[in-house]
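Q: Sharing a structure, written as structure tokens. Questions coming.
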Amino acid sequence: MRPIEIAKGIYEVGAVDWNVRDFHGYSTEKGSTYNAFLIVDEKIALIDTVKKEFVGELLRKVSKIVDPKKIDLVISNHTEMDHSGGLPAVMEAIGKDKPIYCSKMGLKDLSRHFAPGLNYCPVEDGEELSLGQRTVKFMETRMVHWPDSMFSYLVEDQILFSSDGFGQHYAGPERFDDEIGDAIMPFAKKYFANILWLYAPLIKNLIDKVVKMNLPIKMICPDHGIMWRQDPLKIVAAYQEWCRQEPGDQALVIYDTMWHSTEAMAEAIVAGLQAEGIRAEPMNARNTHRSDIITAAFDAKALIVGSPTLNNGLFPTLADVLTYLKGLKPKNRLGAAFGSYGWSGEAPKLVHDELVAMGCRMVEDPLKVLFVPDEAALEACFEYGRRIGQTMQQA
Ligand SMILES: Cc1cc2nc3c(=O)[nH]c(=O)nc-3n(C[C@H](O)[C@H](O)[C@H](O)COP(=O)(O)O)c2cc1C
Ligand SMILES: [Fe+2]
Ligand SMILES: [Fe+2]
């Protein structure tokens with residue numbers, strides 16, 4: 001519970017949320033952190049706050065460095081409540097009239113979150129604010145991942161405070177990239193796949209813009225997880241790669257089942273894919289958290305989705321995953337649908353239509369099996385898997 005001096009006079013003063021396991025529907029198996037930063041210069045600035053319930057931790061950390069009343073200004077890079085929930089209590093502690101610098105959209109969004117009476121100061125993209133010896137340069141990063149989002153760049157120290165960009169939901173003994181190494185990358189990828197995937201084209205443009213600006217970057221400090229100080233460009237390079245949305249060579253078979261018929265189909269399809277040399281695995285949508293399915297889908301070239309028919313419709317877990325996946329706007333994926341049914345059998349076609357709606361190129365007609373698949377039906381599933389495997393090799 002101590003602040004970390006990340007550079008001379010610059011401290012991480014946010015909170016570690018060791019216990020959060022569900023972050024707005026995203027499974028955070030290793031918790032998360034809400035990073036906030038105190039810059040002690042002629043003016044003292046606080047960048048972002050924390051979730052409301054952690055504001056005490058933030059203020060205690062600040063108090064170990066300066067009296068919170070000495071904070072001159074707050075910078076709000078992002079209105080979402082994991083970074084702004086603590087703002088009203090922080091303003092009470094430091095003085096309600098102190099300026100809160102935010103983007104123009106931040107002004108709108110913050111005003112819709114909190115009671116009136118706070119001193120919002122909207123800034124332009126590229127505007128600079130002097131803290132005395134140091135300068136903060138604001139960069140609008142609209143829709144990465146909210147309309148209000150912005151980065152703050154500390155010019156003299158060459159530190160980019162990147163809000164949710166380059167972040168990961170991870171709470172552990174390590175706080176910096178050199179302490180954890182590559183083990184952080186799956187967390188960063190899960191964050192990208194679940195939160196940023198749909199904005200990949202915008203993020204690509206943003207990174208291109210920053211690269212053109214030729215900003216020297218010594219450190220990237222996101223608002224979640226590990227701070228990148230040893231090799232900050234490593235996560236930038238990973239983002240450039242992820243923005244290309246080029247899947248791996250593998251197939252993902254996502255399904256659920258009530259009486260194991262759709263499950264038997266899924267396993268036979270996987271066997272067919274494997275027979276063609278395709279790496280494939282079945283993933284039960286009731287046993288695997290939706291956010292982990294998304295991470296697996298991010299890497300998969302083919303999304304093969306099976307649902308039993310329940311009351312003329314989709315099984316709810318598949319409706320959940322398909323709705324979530326569609327919103328993330330996957331690109332460059334092949335698709336196929338299947339499922340067992342008992343009389344009306346709507347689900348496979350509904351899955352098919354959802355995959356079409358999210359832009360998958362469908363490689364097979366929906367495959368349906370009446371009740372329990374017999375040997376011939378399982379053989380048909382195996383062949384269906386093989387055909388998809390062959391198409392994948394050509395795609
Ligand atoms: C509560 C319930 C509702 C069902 N509703 C339908 C339905 O509306 N139309 C249909 O074709 N089959 C329906 N079925 C039958 C299942 O789709 C069928 O049993 C199928 O083989 C289940 O596949 P599974 O073992 O993968 O769950 C229903 C089954 C249950 C248990
Ligand atoms: Fe956010
Ligand atoms: Fe966040």
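Labeling convention for the structure tokens: chains A, B, ... as they appear, residues from 1 per chain, ligands from 1 in order of appearance.
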Can you pull out the residues contacting range 137-147 of chain A? Cut-off 10 Å, using only C-alpha atoms, and skip same-chain residues under 6 positions away; I want them as an MDAnalysis selection string.
A: chainID A and resid 75 77:80 101:106 108:109 123:130 153:155 160:165 195:200 202:203 206 210
Q: Determine, counting only C-alpha atoms, which protein, DNA and RNA residues have an atom within 10 Å of an atom of Ser27 in chain A; residues of the same chain fewer than 2 positions away are not included. Present the result as a list in words.
A: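 Skipping anything fewer than 2 positions along the chain leaves Val20, Arg21, Asp22, Phe23, His24, Gly25, Glu29, Lys30, Gly31, His169, Lys190, His289, Arg290, Ser291 and Asp292 of chain A.
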Q: Store the residues picked out above, limited to all heavy atoms, as a short mmCIF file (atom, residue, chain, number, x, y, z; two decimals), in the first residue's frame.
A:
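Full text of selection-v2.cif as output:
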data_model
loop_
_atom_site.label_atom_id
_atom_site.label_comp_id
_atom_site.auth_asym_id
_atom_site.auth_seq_id
_atom_site.Cartn_x
_atom_site.Cartn_y
_atom_site.Cartn_z
N VAL A 20 -11.16 -8.68 -7.57
CA VAL A 20 -12.19 -8.60 -8.62
C VAL A 20 -12.03 -9.79 -9.56
O VAL A 20 -10.92 -10.13 -10.00
CB VAL A 20 -12.13 -7.24 -9.38
CG1 VAL A 20 -10.82 -7.07 -10.14
CG2 VAL A 20 -13.33 -7.09 -10.31
N ARG A 21 -13.12 -10.49 -9.80
CA ARG A 21 -13.09 -11.63 -10.72
C ARG A 21 -14.04 -11.43 -11.90
O ARG A 21 -14.00 -12.17 -12.87
CB ARG A 21 -13.47 -12.93 -9.97
CG ARG A 21 -12.39 -13.39 -8.99
CD ARG A 21 -11.11 -13.83 -9.71
NE ARG A 21 -10.04 -14.22 -8.80
CZ ARG A 21 -9.12 -13.39 -8.32
NH1 ARG A 21 -9.13 -12.09 -8.63
NH2 ARG A 21 -8.18 -13.82 -7.49
N ASP A 22 -14.92 -10.44 -11.78
CA ASP A 22 -15.84 -10.11 -12.87
C ASP A 22 -15.81 -8.60 -13.05
O ASP A 22 -16.29 -7.86 -12.21
CB ASP A 22 -17.26 -10.58 -12.52
CG ASP A 22 -18.24 -10.29 -13.66
OD1 ASP A 22 -18.15 -9.22 -14.28
OD2 ASP A 22 -19.11 -11.13 -13.92
N PHE A 23 -15.21 -8.19 -14.16
CA PHE A 23 -15.10 -6.76 -14.45
C PHE A 23 -16.07 -6.47 -15.60
O PHE A 23 -15.81 -6.83 -16.74
CB PHE A 23 -13.66 -6.43 -14.85
CG PHE A 23 -13.40 -4.96 -15.03
CD1 PHE A 23 -12.92 -4.18 -13.99
CD2 PHE A 23 -13.66 -4.35 -16.25
CE1 PHE A 23 -12.69 -2.82 -14.16
CE2 PHE A 23 -13.45 -3.00 -16.43
CZ PHE A 23 -12.96 -2.24 -15.39
N HIS A 24 -17.17 -5.90 -15.31
CA HIS A 24 -18.30 -5.73 -16.24
C HIS A 24 -18.45 -6.87 -17.26
O HIS A 24 -18.55 -6.67 -18.47
CB HIS A 24 -18.37 -4.33 -16.87
CG HIS A 24 -17.25 -3.91 -17.79
ND1 HIS A 24 -16.67 -4.71 -18.72
CD2 HIS A 24 -16.66 -2.70 -17.93
CE1 HIS A 24 -15.76 -4.03 -19.39
NE2 HIS A 24 -15.73 -2.82 -18.92
N GLY A 25 -18.47 -8.10 -16.72
CA GLY A 25 -18.74 -9.25 -17.58
C GLY A 25 -17.49 -9.86 -18.20
O GLY A 25 -17.58 -10.80 -18.99
N GLU A 29 -9.32 -13.21 -13.83
CA GLU A 29 -8.87 -14.30 -12.96
C GLU A 29 -7.69 -13.90 -12.09
O GLU A 29 -7.41 -14.55 -11.09
CB GLU A 29 -8.59 -15.57 -13.77
CG GLU A 29 -7.53 -15.46 -14.86
CD GLU A 29 -8.04 -14.85 -16.16
OE1 GLU A 29 -9.20 -14.41 -16.22
OE2 GLU A 29 -7.26 -14.80 -17.12
N LYS A 30 -6.98 -12.84 -12.45
CA LYS A 30 -5.88 -12.37 -11.61
C LYS A 30 -6.15 -10.95 -11.11
O LYS A 30 -5.21 -10.18 -10.86
CB LYS A 30 -4.57 -12.39 -12.41
CG LYS A 30 -3.99 -13.78 -12.65
CD LYS A 30 -3.39 -14.41 -11.40
CE LYS A 30 -2.09 -13.75 -11.00
NZ LYS A 30 -1.54 -14.35 -9.75
N GLY A 31 -7.43 -10.59 -10.98
CA GLY A 31 -7.75 -9.26 -10.47
C GLY A 31 -7.38 -8.16 -11.44
O GLY A 31 -7.26 -8.41 -12.66
N HIS A 169 -5.77 -6.53 -17.36
CA HIS A 169 -6.33 -6.79 -16.04
C HIS A 169 -5.43 -7.81 -15.36
O HIS A 169 -5.51 -9.01 -15.60
CB HIS A 169 -7.76 -7.32 -16.15
CG HIS A 169 -8.74 -6.24 -16.49
ND1 HIS A 169 -8.85 -5.07 -15.78
CD2 HIS A 169 -9.69 -6.16 -17.46
CE1 HIS A 169 -9.80 -4.31 -16.28
NE2 HIS A 169 -10.32 -4.95 -17.32
N LYS A 190 -5.80 -10.63 -24.09
CA LYS A 190 -7.19 -10.80 -23.67
C LYS A 190 -7.86 -9.42 -23.56
O LYS A 190 -9.01 -9.25 -23.97
CB LYS A 190 -7.25 -11.54 -22.33
CG LYS A 190 -8.66 -11.73 -21.79
CD LYS A 190 -8.70 -12.65 -20.57
CE LYS A 190 -10.11 -12.76 -20.01
NZ LYS A 190 -10.23 -13.66 -18.88
N HIS A 289 -15.49 -19.09 -19.74
CA HIS A 289 -16.05 -17.75 -19.64
C HIS A 289 -16.07 -17.06 -21.00
O HIS A 289 -15.16 -17.25 -21.81
CB HIS A 289 -15.21 -16.92 -18.66
CG HIS A 289 -15.92 -15.67 -18.25
ND1 HIS A 289 -15.88 -14.50 -18.99
CD2 HIS A 289 -16.74 -15.43 -17.20
CE1 HIS A 289 -16.63 -13.59 -18.40
NE2 HIS A 289 -17.17 -14.12 -17.31
N ARG A 290 -17.10 -16.27 -21.23
CA ARG A 290 -17.24 -15.64 -22.54
C ARG A 290 -15.99 -14.84 -22.93
O ARG A 290 -15.60 -14.80 -24.10
CB ARG A 290 -18.48 -14.74 -22.61
CG ARG A 290 -18.39 -13.48 -21.78
CD ARG A 290 -19.52 -12.52 -22.13
NE ARG A 290 -20.76 -12.88 -21.48
CZ ARG A 290 -21.07 -12.55 -20.21
NH1 ARG A 290 -20.23 -11.86 -19.47
NH2 ARG A 290 -22.21 -12.91 -19.69
N SER A 291 -15.34 -14.23 -21.96
CA SER A 291 -14.17 -13.41 -22.32
C SER A 291 -12.98 -14.28 -22.72
O SER A 291 -12.13 -13.84 -23.51
CB SER A 291 -13.81 -12.43 -21.20
OG SER A 291 -13.72 -13.07 -19.96
N ASP A 292 -12.92 -15.51 -22.22
CA ASP A 292 -11.86 -16.41 -22.67
C ASP A 292 -12.19 -17.01 -24.04
O ASP A 292 -11.30 -17.28 -24.84
CB ASP A 292 -11.63 -17.52 -21.64
CG ASP A 292 -11.05 -16.95 -20.35
OD1 ASP A 292 -10.13 -16.11 -20.44
OD2 ASP A 292 -11.53 -17.30 -19.26
#
Q: Excluding same-chain residues fewer than 2 positions from Leu367 in chain A, what lies within 7 Å of it counting only C-alpha atoms, as a ChimeraX atom specification?
A: /A:337-339,348,365,369
Q: Save out the residues we just selected, N, CA, C and O atoms, as a PDB file, in the first residue's frame.
A:
ATOM      1  N   ALA A 337     -22.048 -23.438 -38.836  1.00  0.00           N
ATOM      2  CA  ALA A 337     -22.981 -23.621 -37.722  1.00  0.00           C
ATOM      3  C   ALA A 337     -23.502 -25.052 -37.702  1.00  0.00           C
ATOM      4  O   ALA A 337     -23.642 -25.694 -38.746  1.00  0.00           O
ATOM      5  N   PHE A 338     -23.799 -25.548 -36.502  1.00  0.00           N
ATOM      6  CA  PHE A 338     -24.326 -26.915 -36.381  1.00  0.00           C
ATOM      7  C   PHE A 338     -25.133 -27.031 -35.092  1.00  0.00           C
ATOM      8  O   PHE A 338     -25.176 -26.097 -34.282  1.00  0.00           O
ATOM      9  N   GLY A 339     -25.782 -28.199 -34.916  1.00  0.00           N
ATOM     10  CA  GLY A 339     -26.494 -28.444 -33.667  1.00  0.00           C
ATOM     11  C   GLY A 339     -27.479 -29.601 -33.764  1.00  0.00           C
ATOM     12  O   GLY A 339     -27.958 -29.939 -34.844  1.00  0.00           O
ATOM     13  N   PRO A 348     -29.422 -24.096 -35.482  1.00  0.00           N
ATOM     14  CA  PRO A 348     -28.263 -23.983 -36.384  1.00  0.00           C
ATOM     15  C   PRO A 348     -28.408 -22.835 -37.391  1.00  0.00           C
ATOM     16  O   PRO A 348     -27.442 -22.116 -37.649  1.00  0.00           O
ATOM     17  N   ASP A 365     -23.198 -25.135 -45.218  1.00  0.00           N
ATOM     18  CA  ASP A 365     -24.580 -24.935 -44.771  1.00  0.00           C
ATOM     19  C   ASP A 365     -24.690 -25.439 -43.340  1.00  0.00           C
ATOM     20  O   ASP A 365     -23.907 -26.296 -42.918  1.00  0.00           O
ATOM     21  N   VAL A 369     -28.591 -32.418 -36.697  1.00  0.00           N
ATOM     22  CA  VAL A 369     -28.806 -33.838 -36.409  1.00  0.00           C
ATOM     23  C   VAL A 369     -30.044 -33.954 -35.527  1.00  0.00           C
ATOM     24  O   VAL A 369     -30.177 -33.228 -34.533  1.00  0.00           O
TER      25      VAL A 369
END
Q: Would you kindly return, as a list of chain:residue names, each protein, DNA or RNA residue with an atom no farther than 10 Å from any atom of Ala300 in chain A, considering only C-alpha atoms and excluding same-chain residues fewer than 3 positions away?
A: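 Near neighbours after the sequence-gap exclusion: A:Glu246, A:Pro247, A:Gly248, A:Asp249, A:Gln250, A:Ala251, A:Leu252, A:Val253, A:Arg279, A:Ala280, A:Ile294, A:Thr295, A:Ala296, A:Ala297, A:Leu303, A:Ile304, A:Asn332, A:Arg333, A:Leu334.
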Q: Per residue of chain A within 10 Å of ligand 1, record the nearest atom pair and its distance in Å to one decimal, counting only C-alpha atoms and all ligand atoms, with rows in chain order and ascending residue number, as a tab-separated table.
A:
residue	atom	partner	partner_atom_place_in_ligand_line	distance
A:Tyr255	CA	ligand 1	26 (O)	8.6
A:Asp256	CA	ligand 1	26 (O)	6.7
A:Thr257	CA	ligand 1	26 (O)	3.7
A:Met258	CA	ligand 1	27 (O)	3.1
A:Trp259	CA	ligand 1	25 (O)	3.2
A:His260	CA	ligand 1	25 (O)	4.0
A:Ser261	CA	ligand 1	25 (O)	3.7
A:Thr262	CA	ligand 1	26 (O)	3.5
A:Glu263	CA	ligand 1	26 (O)	5.8
A:Ala264	CA	ligand 1	26 (O)	7.8
A:Met265	CA	ligand 1	26 (O)	8.2
A:Ala266	CA	ligand 1	26 (O)	9.4
A:Gly306	CA	ligand 1	26 (O)	8.5
A:Ser307	CA	ligand 1	26 (O)	6.9
A:Pro308	CA	ligand 1	23 (O)	4.5
A:Thr309	CA	ligand 1	17 (O)	4.0
A:Leu310	CA	ligand 1	5 (N)	3.7
A:Asn311	CA	ligand 1	8 (O)	3.2
A:Asn312	CA	ligand 1	8 (O)	3.5
A:Gly313	CA	ligand 1	8 (O)	6.4
A:Leu314	CA	ligand 1	8 (O)	9.1
A:Phe315	CA	ligand 1	27 (O)	8.5
A:Gly339	CA	ligand 1	26 (O)	6.7
A:Ser340	CA	ligand 1	23 (O)	4.5
A:Tyr341	CA	ligand 1	17 (O)	3.4
A:Gly342	CA	ligand 1	12 (N)	3.8
A:Trp343	CA	ligand 1	11 (O)	3.7
A:Ser344	CA	ligand 1	11 (O)	3.6
A:Gly345	CA	ligand 1	11 (O)	3.5
A:Glu346	CA	ligand 1	11 (O)	6.4
A:Ala347	CA	ligand 1	11 (O)	7.9
A:Lys368	CA	ligand 1	21 (O)	9.8
A:Val369	CA	ligand 1	21 (O)	7.6
A:Leu370	CA	ligand 1	21 (O)	6.3
A:Phe371	CA	ligand 1	21 (O)	3.6
A:Val372	CA	ligand 1	21 (O)	5.6
A:Pro373	CA	ligand 1	21 (O)	8.3
Q: With N, CA, C and O atoms kept, could you save the residues just selected as a CSV table (one decimal), in the first residue's frame?
A:
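Result went into selection.csv, see below:
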chain,number,residue,atom,x,y,z
A,255,TYR,N,-19.6,-24.5,-28.5
A,255,TYR,CA,-20.9,-25.1,-28.4
A,255,TYR,C,-21.4,-25.1,-27.0
A,255,TYR,O,-20.7,-24.8,-26.0
A,256,ASP,N,-22.7,-25.5,-26.9
A,256,ASP,CA,-23.2,-25.9,-25.6
A,256,ASP,C,-24.1,-27.1,-25.8
A,256,ASP,O,-24.4,-27.4,-27.0
A,257,THR,N,-24.6,-27.7,-24.8
A,257,THR,CA,-25.3,-29.0,-25.0
A,257,THR,C,-26.2,-29.2,-23.7
A,257,THR,O,-25.7,-28.9,-22.6
A,258,MET,N,-27.4,-29.8,-23.9
A,258,MET,CA,-28.2,-30.2,-22.8
A,258,MET,C,-28.0,-31.7,-22.4
A,258,MET,O,-27.9,-32.1,-21.3
A,259,TRP,N,-28.1,-32.5,-23.5
A,259,TRP,CA,-28.0,-34.0,-23.3
A,259,TRP,C,-26.9,-34.6,-24.1
A,259,TRP,O,-26.9,-35.8,-24.5
A,260,HIS,N,-25.8,-33.8,-24.4
A,260,HIS,CA,-24.6,-34.3,-25.0
A,260,HIS,C,-24.6,-34.6,-26.5
A,260,HIS,O,-23.6,-35.1,-27.1
A,261,SER,N,-25.7,-34.3,-27.2
A,261,SER,CA,-25.8,-34.6,-28.6
A,261,SER,C,-24.9,-33.6,-29.4
A,261,SER,O,-24.1,-33.9,-30.3
A,262,THR,N,-25.2,-32.3,-29.1
A,262,THR,CA,-24.4,-31.2,-29.8
A,262,THR,C,-22.9,-31.4,-29.5
A,262,THR,O,-22.0,-31.1,-30.3
A,263,GLU,N,-22.7,-31.8,-28.2
A,263,GLU,CA,-21.3,-32.1,-27.8
A,263,GLU,C,-20.6,-33.2,-28.6
A,263,GLU,O,-19.5,-33.0,-29.1
A,264,ALA,N,-21.4,-34.3,-28.8
A,264,ALA,CA,-20.8,-35.4,-29.7
A,264,ALA,C,-20.5,-34.9,-31.1
A,264,ALA,O,-19.5,-35.2,-31.7
A,265,MET,N,-21.4,-34.0,-31.6
A,265,MET,CA,-21.2,-33.4,-32.9
A,265,MET,C,-19.9,-32.6,-32.9
A,265,MET,O,-19.1,-32.7,-33.8
A,266,ALA,N,-19.8,-31.8,-31.9
A,266,ALA,CA,-18.6,-30.9,-31.8
A,266,ALA,C,-17.3,-31.7,-31.8
A,266,ALA,O,-16.3,-31.4,-32.5
A,306,GLY,N,-21.9,-24.4,-32.5
A,306,GLY,CA,-23.0,-25.3,-32.4
A,306,GLY,C,-24.0,-25.0,-31.2
A,306,GLY,O,-23.5,-24.8,-30.1
A,307,SER,N,-25.3,-25.1,-31.5
A,307,SER,CA,-26.3,-24.9,-30.5
A,307,SER,C,-27.4,-25.9,-30.6
A,307,SER,O,-27.9,-26.1,-31.7
A,308,PRO,N,-27.8,-26.5,-29.5
A,308,PRO,CA,-29.0,-27.3,-29.5
A,308,PRO,C,-30.2,-26.3,-29.7
A,308,PRO,O,-30.0,-25.1,-29.3
A,309,THR,N,-31.3,-26.8,-30.2
A,309,THR,CA,-32.5,-25.9,-30.2
A,309,THR,C,-33.3,-26.0,-28.9
A,309,THR,O,-33.6,-27.1,-28.5
A,310,LEU,N,-33.5,-24.9,-28.4
A,310,LEU,CA,-34.2,-24.8,-27.1
A,310,LEU,C,-35.4,-23.8,-27.3
A,310,LEU,O,-35.2,-22.7,-27.6
A,311,ASN,N,-36.6,-24.4,-27.2
A,311,ASN,CA,-37.8,-23.5,-27.3
A,311,ASN,C,-37.8,-22.7,-28.5
A,311,ASN,O,-37.9,-21.4,-28.5
A,312,ASN,N,-37.5,-23.3,-29.7
A,312,ASN,CA,-37.5,-22.7,-31.0
A,312,ASN,C,-36.3,-21.7,-31.2
A,312,ASN,O,-36.3,-20.9,-32.1
A,313,GLY,N,-35.4,-21.7,-30.3
A,313,GLY,CA,-34.3,-20.7,-30.4
A,313,GLY,C,-33.0,-21.3,-30.0
A,313,GLY,O,-32.7,-22.5,-29.9
A,314,LEU,N,-32.0,-20.3,-29.9
A,314,LEU,CA,-30.7,-20.6,-29.5
A,314,LEU,C,-30.6,-21.0,-28.0
A,314,LEU,O,-31.4,-20.6,-27.2
A,315,PHE,N,-29.6,-21.9,-27.7
A,315,PHE,CA,-29.3,-22.1,-26.3
A,315,PHE,C,-28.7,-20.8,-25.7
A,315,PHE,O,-27.9,-20.1,-26.4
A,339,GLY,N,-25.8,-28.2,-34.9
A,339,GLY,CA,-26.5,-28.4,-33.7
A,339,GLY,C,-27.5,-29.6,-33.8
A,339,GLY,O,-28.0,-29.9,-34.8
A,340,SER,N,-27.8,-30.2,-32.6
A,340,SER,CA,-28.8,-31.2,-32.5
A,340,SER,C,-30.1,-30.6,-32.2
A,340,SER,O,-30.2,-29.5,-31.6
A,341,TYR,N,-31.2,-31.2,-32.6
A,341,TYR,CA,-32.5,-30.7,-32.3
A,341,TYR,C,-33.5,-31.9,-32.2
A,341,TYR,O,-33.1,-33.0,-32.4
A,342,GLY,N,-34.8,-31.6,-31.8
A,342,GLY,CA,-35.7,-32.6,-31.6
A,342,GLY,C,-36.9,-32.6,-32.5
A,342,GLY,O,-37.5,-33.6,-32.9
A,343,TRP,N,-37.4,-31.4,-32.8
A,343,TRP,CA,-38.6,-31.3,-33.7
A,343,TRP,C,-38.5,-30.1,-34.7
A,343,TRP,O,-38.4,-30.3,-35.9
A,344,SER,N,-38.4,-28.9,-34.2
A,344,SER,CA,-38.4,-27.7,-35.1
A,344,SER,C,-37.0,-27.3,-35.6
A,344,SER,O,-36.9,-26.9,-36.7
A,345,GLY,N,-36.0,-27.4,-34.7
A,345,GLY,CA,-34.6,-27.3,-35.2
A,345,GLY,C,-34.2,-26.0,-35.7
A,345,GLY,O,-33.4,-25.9,-36.7
A,346,GLU,N,-34.5,-24.9,-35.1
A,346,GLU,CA,-34.2,-23.5,-35.6
A,346,GLU,C,-32.7,-23.1,-35.3
A,346,GLU,O,-32.2,-22.3,-36.0
A,347,ALA,N,-32.1,-23.7,-34.2
A,347,ALA,CA,-30.9,-23.1,-33.7
A,347,ALA,C,-29.7,-23.0,-34.7
A,347,ALA,O,-29.1,-22.0,-34.9
A,368,LYS,N,-27.4,-30.2,-39.2
A,368,LYS,CA,-28.4,-30.5,-38.1
A,368,LYS,C,-28.4,-32.0,-37.9
A,368,LYS,O,-28.4,-32.8,-38.9
A,369,VAL,N,-28.6,-32.4,-36.7
A,369,VAL,CA,-28.8,-33.8,-36.4
A,369,VAL,C,-30.0,-34.0,-35.5
A,369,VAL,O,-30.2,-33.2,-34.5
A,370,LEU,N,-31.0,-34.9,-35.9
A,370,LEU,CA,-32.2,-35.1,-35.1
A,370,LEU,C,-31.9,-35.9,-33.9
A,370,LEU,O,-31.4,-37.1,-34.0
A,371,PHE,N,-32.1,-35.3,-32.7
A,371,PHE,CA,-31.8,-36.0,-31.4
A,371,PHE,C,-30.4,-36.5,-31.4
A,371,PHE,O,-29.4,-35.8,-31.7
A,372,VAL,N,-30.2,-37.8,-31.0
A,372,VAL,CA,-28.9,-38.3,-30.6
A,372,VAL,C,-28.2,-38.7,-31.9
A,372,VAL,O,-28.7,-39.6,-32.7
A,373,PRO,N,-27.0,-38.2,-32.2
A,373,PRO,CA,-26.3,-38.6,-33.4
A,373,PRO,C,-25.9,-40.1,-33.4
A,373,PRO,O,-25.3,-40.5,-32.4
Q: Among range 111-357 of chain A, which residues carry a DSSP assignment of alpha helix (DSSP H), reported as a ChimeraX atom specification?
A: /A:111,177-180,185-191,200-213,232-243,261-275,290-299,316-327,347-357
Q: Could you name the residues that touch Ile180 in chain A at 12 Å or less, counting only C-alpha atoms, but leaving out those on the same chain fewer than 4 positions away, as a list in words?
A: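 These residues fall inside the cut-off: Tyr170, Ala171, Gly172, Pro173, Glu174, Arg175, Phe176, Ile184, Met185, Pro186, Phe187, Gly225, Ile226, Met227, Trp228, Arg229 and Gln230 of chain A.
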Q: May I have the selected residues written with C-alpha atoms, as a PDB file, in the first residue's frame?
A:
ATOM      1  CA  TYR A 170      -3.569  -8.176 -13.862  1.00  0.00           C
ATOM      2  CA  ALA A 171      -2.801  -7.834 -10.167  1.00  0.00           C
ATOM      3  CA  GLY A 172       0.368  -9.553  -9.055  1.00  0.00           C
ATOM      4  CA  PRO A 173       3.643  -8.989  -7.266  1.00  0.00           C
ATOM      5  CA  GLU A 174       5.072  -7.421 -10.435  1.00  0.00           C
ATOM      6  CA  ARG A 175       4.308  -3.869 -11.550  1.00  0.00           C
ATOM      7  CA  PHE A 176       6.721  -3.461 -14.474  1.00  0.00           C
ATOM      8  CA  ILE A 184       1.957 -10.589 -19.210  1.00  0.00           C
ATOM      9  CA  MET A 185       1.279 -10.851 -22.934  1.00  0.00           C
ATOM     10  CA  PRO A 186      -1.738 -13.226 -22.711  1.00  0.00           C
ATOM     11  CA  PHE A 187      -3.370 -10.726 -20.321  1.00  0.00           C
ATOM     12  CA  GLY A 225      -1.781  -3.628 -14.798  1.00  0.00           C
ATOM     13  CA  ILE A 226       1.878  -3.637 -15.720  1.00  0.00           C
ATOM     14  CA  MET A 227       3.749  -0.452 -16.667  1.00  0.00           C
ATOM     15  CA  TRP A 228       6.032  -0.757 -19.661  1.00  0.00           C
ATOM     16  CA  ARG A 229       9.492   0.692 -18.894  1.00  0.00           C
ATOM     17  CA  GLN A 230      12.031  -1.825 -20.162  1.00  0.00           C
TER      18      GLN A 230
END
Q: Hey, can you check how far CA of Val363 in chain A sits from CA of Ala319 in chain A?
A: 20.8 Å
Q: Would you give me, as a PyMOL selection string, the residues in range 252-333 of chain A that DSSP reads as strand (DSSP E)?
A: chain A and resi 252-255+280-284+302-306
Q: Using only C-alpha atoms, find the one residue out of A:Val356, A:Val16, A:Val305, A:Ile94 that sits nearest to Pro3 in chain A.
A: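 Among the listed residues, A:Val16 lies closest to Pro3 in chain A.
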Q: Using only C-alpha atoms, which of A:Arg386, A:His113, A:His224, A:Arg361 sits nearest Tyr191 in chain A?
A: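 For Tyr191 in chain A, the nearest of the candidates is A:His224.
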Q: What lies within 7 Å of Pro216 in chain A using only C-alpha atoms, ignoring chain neighbours under 2 positions off, as a list in words?
A: Gln158, Asn214 and Lys218 of chain A
Q: Considering only C-alpha atoms, state which residue in the set A:Ala268, A:Val351, A:Leu131, A:Ala115 is at the smallest distance from Ala336 in chain A.
A: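 Looking at the shortest contact to Ala336 in chain A, the residue is A:Val351.
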Q: Here is a test: counting only C-alpha atoms, which residue of A:Leu59, A:Val236, A:Ile278, A:Leu107 is nearest to Glu92 in chain A?
A: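 Looking at the shortest contact to Glu92 in chain A, the residue is A:Leu59.
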Q: Please, what distance in Å, to one decimal, runs between CA of Gln240 in chain A and CA of Gly167 in chain A?
A: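 Atom-to-atom, CA of Gln240 in chain A and CA of Gly167 in chain A are spaced 14.7 Å apart.
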Q: Using only C-alpha atoms, which of A:Ile207, A:Ile65, A:Met150, A:Ala45 sits nearest Thr135 in chain A?
A: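 Smallest separation from Thr135 in chain A among the options: A:Ala45.
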Q: Take CA of Phe114 in chain A and CA of Leu87 in chain A and report the distance between them in Å, one decimal.
A: 8.8 Å
